[in-house]
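Below is input-v2.tsv, holding TSV, C-alpha atoms.
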```tsv
chain	number	residue	atom	x	y	z
A	282	ASP	CA	91.00	96.97	70.82
A	283	SER	CA	93.79	96.34	73.32
A	284	LYS	CA	96.61	96.83	70.79
A	285	ILE	CA	95.31	100.24	69.76
A	286	ARG	CA	94.84	101.21	73.42
A	287	GLN	CA	98.42	100.19	74.22
A	288	ARG	CA	99.82	102.07	71.21
A	289	ALA	CA	97.79	105.17	72.11
A	290	THR	CA	99.09	105.03	75.67
A	291	GLN	CA	102.65	105.04	74.34
A	292	LEU	CA	102.09	107.88	71.86
A	293	LEU	CA	99.73	110.25	73.67
A	294	PRO	CA	100.88	112.31	76.62
A	295	SER	CA	99.62	111.26	80.02
A	296	LYS	CA	97.72	113.55	82.37
A	297	PRO	CA	99.76	116.46	83.67
A	298	PRO	CA	101.37	115.98	87.09
A	299	GLY	CA	99.20	117.29	89.88
A	300	ASP	CA	95.93	116.40	88.15
A	301	ARG	CA	95.04	113.93	90.91
A	302	GLU	CA	96.06	116.46	93.56
A	303	LYS	CA	93.48	118.88	92.16
A	304	VAL	CA	90.81	116.19	92.40
A	305	ILE	CA	91.78	115.47	96.01
A	306	GLN	CA	91.49	119.18	96.83
A	307	GLN	CA	88.11	119.31	95.12
A	308	PHE	CA	86.81	116.51	97.37
A	309	GLN	CA	88.37	117.75	100.64
A	310	PRO	CA	85.04	119.21	101.84
A	311	ALA	CA	83.69	115.65	102.00
A	312	LEU	CA	85.94	115.07	105.00
A	313	GLU	CA	84.00	117.68	107.00
A	314	MET	CA	80.54	116.50	105.92
A	315	ALA	CA	78.39	114.14	107.95
A	316	GLY	CA	78.22	110.90	106.04
A	317	ASP	CA	75.43	108.35	105.98
A	318	ALA	CA	76.82	104.80	106.27
A	319	THR	CA	73.69	103.21	104.76
A	320	ARG	CA	73.99	105.29	101.60
A	321	GLY	CA	77.76	104.75	101.69
A	322	ARG	CA	77.23	100.98	101.63
A	323	LYS	CA	75.19	101.37	98.45
A	324	THR	CA	78.04	103.34	96.83
A	325	TYR	CA	80.55	100.74	98.03
A	326	LEU	CA	78.52	97.89	96.51
A	327	GLU	CA	78.16	99.77	93.21
A	328	ARG	CA	81.70	101.15	92.89
A	329	CYS	CA	84.12	99.27	95.13
A	330	ALA	CA	82.92	95.72	95.78
A	331	SER	CA	84.04	94.46	92.38
A	332	CYS	CA	87.63	94.69	93.64
A	333	HIS	CA	87.62	95.36	97.39
A	334	ARG	CA	86.45	93.18	100.22
A	335	LEU	CA	84.85	94.69	103.30
A	336	GLY	CA	83.54	92.25	105.86
A	337	ASN	CA	81.53	89.65	103.98
A	338	ASP	CA	80.96	91.77	100.88
A	339	GLY	CA	83.07	92.25	97.79
A	340	ASN	CA	85.97	90.57	96.02
A	341	ALA	CA	89.58	90.16	97.10
A	342	VAL	CA	91.33	91.84	94.17
A	343	GLY	CA	92.59	95.05	95.78
A	344	PRO	CA	93.38	95.56	99.46
A	345	ASP	CA	90.78	94.51	102.03
A	346	LEU	CA	89.21	97.77	103.17
A	347	VAL	CA	89.22	96.74	106.82
A	348	SER	CA	93.01	96.93	106.64
A	349	VAL	CA	93.14	100.36	104.96
A	350	LYS	CA	90.51	102.14	107.04
A	351	SER	CA	92.94	102.41	109.96
A	352	GLY	CA	94.79	105.21	108.13
A	353	GLY	CA	91.82	107.53	108.65
A	354	LYS	CA	89.45	109.27	106.28
A	355	GLU	CA	92.05	111.65	104.78
A	356	LYS	CA	94.33	108.84	103.73
A	357	LEU	CA	91.38	106.79	102.51
A	358	LEU	CA	90.15	109.73	100.41
A	359	ALA	CA	93.60	110.18	98.85
A	360	SER	CA	93.83	106.44	98.13
A	361	ILE	CA	90.43	106.44	96.41
A	362	LEU	CA	91.13	109.53	94.32
A	363	ASP	CA	94.81	108.86	93.58
A	364	PRO	CA	95.21	105.09	93.51
A	365	ASN	CA	98.73	105.31	92.09
A	366	ARG	CA	100.09	107.45	94.93
A	367	GLU	CA	101.11	104.40	97.00
A	368	VAL	CA	100.91	100.96	95.42
A	369	ALA	CA	102.04	97.81	97.17
A	370	PRO	CA	103.89	95.52	94.75
A	371	ASN	CA	101.20	92.83	94.99
A	372	TYR	CA	98.59	95.30	93.63
A	373	LEU	CA	100.50	96.41	90.53
A	374	ASN	CA	98.71	96.05	87.21
A	375	TYR	CA	100.38	93.77	84.67
A	376	LEU	CA	99.92	93.45	80.94
A	377	VAL	CA	100.32	89.96	79.52
A	378	GLU	CA	100.37	89.50	75.76
A	379	THR	CA	100.07	86.00	74.38
A	380	LYS	CA	101.53	84.46	71.25
A	381	ASP	CA	98.01	84.00	69.89
A	382	GLY	CA	97.35	87.76	70.02
A	383	GLU	CA	95.36	88.09	73.26
A	384	SER	CA	96.09	90.78	75.85
A	385	TYR	CA	95.20	90.57	79.54
A	386	LEU	CA	95.42	93.10	82.37
A	387	GLY	CA	95.41	92.20	86.03
A	388	LEU	CA	97.47	91.59	89.11
A	389	ILE	CA	99.61	88.51	89.40
A	390	ALA	CA	97.72	86.23	91.77
A	391	SER	CA	100.15	83.33	91.44
A	392	GLU	CA	102.98	82.03	89.31
A	393	SER	CA	104.51	78.66	88.61
A	394	ALA	CA	107.02	77.31	86.14
A	395	ALA	CA	104.09	76.38	83.88
A	396	ASN	CA	101.72	79.35	84.12
A	397	VAL	CA	100.81	82.80	85.42
A	398	THR	CA	97.44	83.52	87.01
A	399	LEU	CA	96.08	87.05	86.61
A	400	ARG	CA	93.31	88.32	88.90
A	401	GLN	CA	90.88	90.90	87.60
A	402	ALA	CA	87.72	92.68	88.79
A	403	PHE	CA	85.05	90.51	90.43
A	404	GLY	CA	87.78	88.01	91.36
A	405	LEU	CA	87.97	86.67	87.82
A	406	GLU	CA	91.19	84.68	87.39
A	407	THR	CA	92.79	83.91	84.06
A	408	ILE	CA	95.47	81.22	83.86
A	409	ILE	CA	97.96	81.75	81.05
A	410	LEU	CA	100.47	79.11	80.07
A	411	ARG	CA	104.02	80.45	80.12
A	412	SER	CA	104.64	78.72	76.79
A	413	ASN	CA	101.96	81.01	75.30
A	414	ILE	CA	103.27	84.28	76.82
A	415	ARG	CA	104.91	86.64	74.35
A	416	LYS	CA	105.38	89.51	76.82
A	417	ILE	CA	104.66	90.24	80.46
A	418	GLN	CA	105.12	93.77	81.73
A	419	SER	CA	104.36	95.70	84.88
A	420	LEU	CA	102.50	98.91	84.11
A	421	ASN	CA	103.87	100.41	87.35
A	422	GLN	CA	100.36	101.48	88.29
A	423	SER	CA	97.66	100.25	90.59
A	424	ILE	CA	95.11	97.86	89.22
A	425	MET	CA	92.58	100.44	90.49
A	426	PRO	CA	91.97	102.97	87.72
A	427	GLU	CA	91.97	106.71	88.26
A	428	GLY	CA	88.75	108.64	87.82
A	429	LEU	CA	86.33	106.47	89.78
A	430	GLU	CA	85.05	109.64	91.42
A	431	ALA	CA	83.79	111.04	88.11
A	432	ALA	CA	80.10	110.40	88.76
A	433	LEU	CA	80.19	110.84	92.55
A	434	SER	CA	79.11	113.91	94.47
A	435	LEU	CA	80.81	115.24	97.60
A	436	LYS	CA	77.95	113.79	99.64
A	437	GLU	CA	78.38	110.33	98.09
A	438	ILE	CA	82.10	110.41	98.88
A	439	ALA	CA	81.31	111.52	102.46
A	440	ASP	CA	78.82	108.63	102.76
A	441	LEU	CA	81.35	106.14	101.39
A	442	LEU	CA	84.06	107.35	103.79
A	443	GLU	CA	81.59	107.06	106.69
A	444	PHE	CA	80.64	103.52	105.69
A	445	ILE	CA	84.23	102.34	105.37
A	446	GLY	CA	85.72	104.28	108.26
A	447	SER	CA	83.24	104.11	111.08
A	448	HIS	CA	82.14	100.51	111.36
A	449	ASP	CA	83.61	97.23	112.45
A	450	PHE	CA	82.96	94.43	110.04
A	451	PRO	CA	83.05	90.68	110.57
```
Represent the supplied structure as structure tokens.
Amino acid sequence: DSKIRQRATQLLPSKPPGDREKVIQQFQPALEMAGDATRGRKTYLERCASCHRLGNDGNAVGPDLVSVKSGGKEKLLASILDPNREVAPNYLNYLVETKDGESYLGLIASESAANVTLRQAFGLETIILRSNIRKIQSLNQSIMPEGLEAALSLKEIADLLEFIGSHDFP
């Protein structure tokens, strides 16, 4: 239930500072490992394509990965493991609560005097009439959640970094 989740977020303490830095340190060895781009593509399609575009694959919710790979593997690793470290304003997550009790999370894809369009994973867009909006609030966080590395090994991260970082895509 979105209302319970929001209330819990307000009442319960967040993760201690530095938690993401520990995760980044834990995955540093992946930077030195030889990655396999073919296996990395599989990980990308399973974990990243719902929100990131790379060449002809994926959805344009978060940044296009062709544009972020230029920062190198270290920066890419930090961005994957700590998505809130640097967030461009157009990728901030917003909460919109409606007068009829619905709650939506997503980035603001477009706005007009009549409505707000939120973009979510898989490119899903929800148009909400302004006359039905009770509250709209930036969560000051990336739309990309933390913890996506939870079920990934060092080798899978190395493969993913190889896939994203070493190829030119159309």
With all atoms listed in the file as the basis for distance, which of A:Ser391, A:Ser283, A:Ser412, A:Gln309 is at the shortest distance from Lys354 (chain A)? A:Gln309
Protein, DNA and RNA residues within 7 Å of (102.4, 94.1, 87.8), all atoms listed in the file, as a PyMOL selection string: chain A and resi 373-375+388-389+418-421
Restricting the output to C-alpha atoms, write the selected residues as a PDB file, in the coordinates of the input.
```pdb
ATOM      1  CA  LEU A 373     100.500  96.410  90.530  1.00  0.00           C
ATOM      2  CA  ASN A 374      98.710  96.050  87.210  1.00  0.00           C
ATOM      3  CA  TYR A 375     100.380  93.770  84.670  1.00  0.00           C
ATOM      4  CA  LEU A 388      97.470  91.590  89.110  1.00  0.00           C
ATOM      5  CA  ILE A 389      99.610  88.510  89.400  1.00  0.00           C
ATOM      6  CA  GLN A 418     105.120  93.770  81.730  1.00  0.00           C
ATOM      7  CA  SER A 419     104.360  95.700  84.880  1.00  0.00           C
ATOM      8  CA  LEU A 420     102.500  98.910  84.110  1.00  0.00           C
ATOM      9  CA  ASN A 421     103.870 100.410  87.350  1.00  0.00           C
TER      10      ASN A 421
END
```
Which residue gives the smallest distance to Gly387 (chain A) among A:Ala432, A:Leu358, A:Ile414, A:Met425, with all atoms listed in the file counted? A:Met425
Report, in Å with one decimal, the straight-line distance from CA of Lys436 (chain A) to CA of Arg301 (chain A). 19.2 Å
Which residue gives the smallest distance to Gly446 (chain A) among A:Arg328, A:Arg411, A:Lys416, A:Arg322, with only C-alpha atoms counted?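 Going through A:Arg328, A:Arg411, A:Lys416, A:Arg322 one by one, the smallest distance to Gly446 (chain A) is for A:Arg322.
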What does the distance from CA of Ala402 (chain A) to CA of Arg320 (chain A) come to in Å, to one decimal?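 CA of Ala402 (chain A) sits 22.6 Å away from CA of Arg320 (chain A).
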Spatial neighbours of Ala318 (chain A), 8 Å, only C-alpha atoms, chain gap at least 6 places, as number ranges by chain: A: 440-441, 443-445
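Restricting the calculation to all atoms listed in the file, the smallest distance between Asn365 (chain A) and any of A:Gly336, A:Pro344, A:Pro426, A:Gly353 is found for A:Pro426.
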Distance of CA of Ala330 (chain A) from CA of Phe308 (chain A), expressed in Å to one decimal place: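 Atom-to-atom, CA of Phe308 (chain A) and CA of Ala330 (chain A) are spaced 21.2 Å apart.
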For region 308-399 of chain A versus region 403-407 of chain A, which residues have an atom no more than 12 Å away, and what is each residue's nearest atom pair and distance in Å rounded to one decimal, using all atoms listed in the file, chain-then-number order, as JSON lines?
```
{"residue": "A:Leu326", "atom": "CA", "partner": "A:Phe403", "partner_atom": "CA", "distance": 11.6}
{"residue": "A:Glu327", "atom": "CA", "partner": "A:Phe403", "partner_atom": "CA", "distance": 11.9}
{"residue": "A:Arg328", "atom": "CA", "partner": "A:Phe403", "partner_atom": "CA", "distance": 11.4}
{"residue": "A:Cys329", "atom": "CA", "partner": "A:Phe403", "partner_atom": "CA", "distance": 10.0}
{"residue": "A:Ala330", "atom": "CA", "partner": "A:Phe403", "partner_atom": "CA", "distance": 7.8}
{"residue": "A:Ser331", "atom": "CA", "partner": "A:Phe403", "partner_atom": "CA", "distance": 4.5}
{"residue": "A:Cys332", "atom": "CA", "partner": "A:Phe403", "partner_atom": "CA", "distance": 5.9}
{"residue": "A:His333", "atom": "CA", "partner": "A:Phe403", "partner_atom": "CA", "distance": 8.9}
{"residue": "A:Arg334", "atom": "CA", "partner": "A:Phe403", "partner_atom": "CA", "distance": 10.2}
{"residue": "A:Asp338", "atom": "CA", "partner": "A:Phe403", "partner_atom": "CA", "distance": 11.3}
{"residue": "A:Gly339", "atom": "CA", "partner": "A:Phe403", "partner_atom": "CA", "distance": 7.8}
{"residue": "A:Asn340", "atom": "CA", "partner": "A:Gly404", "partner_atom": "CA", "distance": 5.6}
{"residue": "A:Ala341", "atom": "CA", "partner": "A:Gly404", "partner_atom": "CA", "distance": 6.4}
{"residue": "A:Val342", "atom": "CA", "partner": "A:Gly404", "partner_atom": "CA", "distance": 5.9}
{"residue": "A:Gly343", "atom": "CA", "partner": "A:Gly404", "partner_atom": "CA", "distance": 9.6}
{"residue": "A:Val377", "atom": "CA", "partner": "A:Thr407", "partner_atom": "CA", "distance": 10.7}
{"residue": "A:Glu383", "atom": "CA", "partner": "A:Thr407", "partner_atom": "CA", "distance": 11.9}
{"residue": "A:Ser384", "atom": "CA", "partner": "A:Thr407", "partner_atom": "CA", "distance": 11.2}
{"residue": "A:Tyr385", "atom": "CA", "partner": "A:Thr407", "partner_atom": "CA", "distance": 8.4}
{"residue": "A:Leu386", "atom": "CA", "partner": "A:Thr407", "partner_atom": "CA", "distance": 9.7}
{"residue": "A:Gly387", "atom": "CA", "partner": "A:Glu406", "partner_atom": "CA", "distance": 8.7}
{"residue": "A:Leu388", "atom": "CA", "partner": "A:Glu406", "partner_atom": "CA", "distance": 9.5}
{"residue": "A:Ile389", "atom": "CA", "partner": "A:Glu406", "partner_atom": "CA", "distance": 9.5}
{"residue": "A:Ala390", "atom": "CA", "partner": "A:Glu406", "partner_atom": "CA", "distance": 8.0}
{"residue": "A:Ser391", "atom": "CA", "partner": "A:Glu406", "partner_atom": "CA", "distance": 9.9}
{"residue": "A:Glu392", "atom": "CA", "partner": "A:Thr407", "partner_atom": "CA", "distance": 11.6}
{"residue": "A:Asn396", "atom": "CA", "partner": "A:Thr407", "partner_atom": "CA", "distance": 10.0}
{"residue": "A:Val397", "atom": "CA", "partner": "A:Thr407", "partner_atom": "CA", "distance": 8.2}
{"residue": "A:Thr398", "atom": "CA", "partner": "A:Thr407", "partner_atom": "CA", "distance": 5.5}
{"residue": "A:Leu399", "atom": "CA", "partner": "A:Thr407", "partner_atom": "CA", "distance": 5.2}
```
Would you kindly return, as a PyMOL selection string, each protein, DNA or RNA residue with an atom no farther than 10 Å from any atom of Val304 (chain A), considering all atoms listed in the file and excluding same-chain residues fewer than 3 positions away? chain A and resi 299-301+307-309+359+362-363+428+430-431
Which residue, A:Leu376, A:Ala369, A:Ala395, A:Ala311, has the smallest gap to Leu433 (chain A) when you use only C-alpha atoms? A:Ala311
Quick one: everything within 10 Å of Ser360 (chain A), counting all atoms listed in the file, minus sequence neighbours fewer than 6 positions away in the same chain. Send it as an MDAnalysis selection string. chainID A and resid 305 349 354 366:368 425
Edge lengths and centre, in Å to one decimal, as AutoDock Vina command-line options: that's what I need for the box along x, y and z that holds all listed atoms of region 427-440 of chain A plus 4 Å on each side.
```
--center_x 85.0 --center_y 110.9 --center_z 95.3 --size_x 22.0 --size_y 16.8 --size_z 22.9
```
Using only C-alpha atoms: which of A:Ser348, A:Ser447, A:Asn337, A:Ser423 has the shortest distance to Ile361 (chain A):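 Counting only C-alpha atoms, the residue closest to Ile361 (chain A) is A:Ser423.
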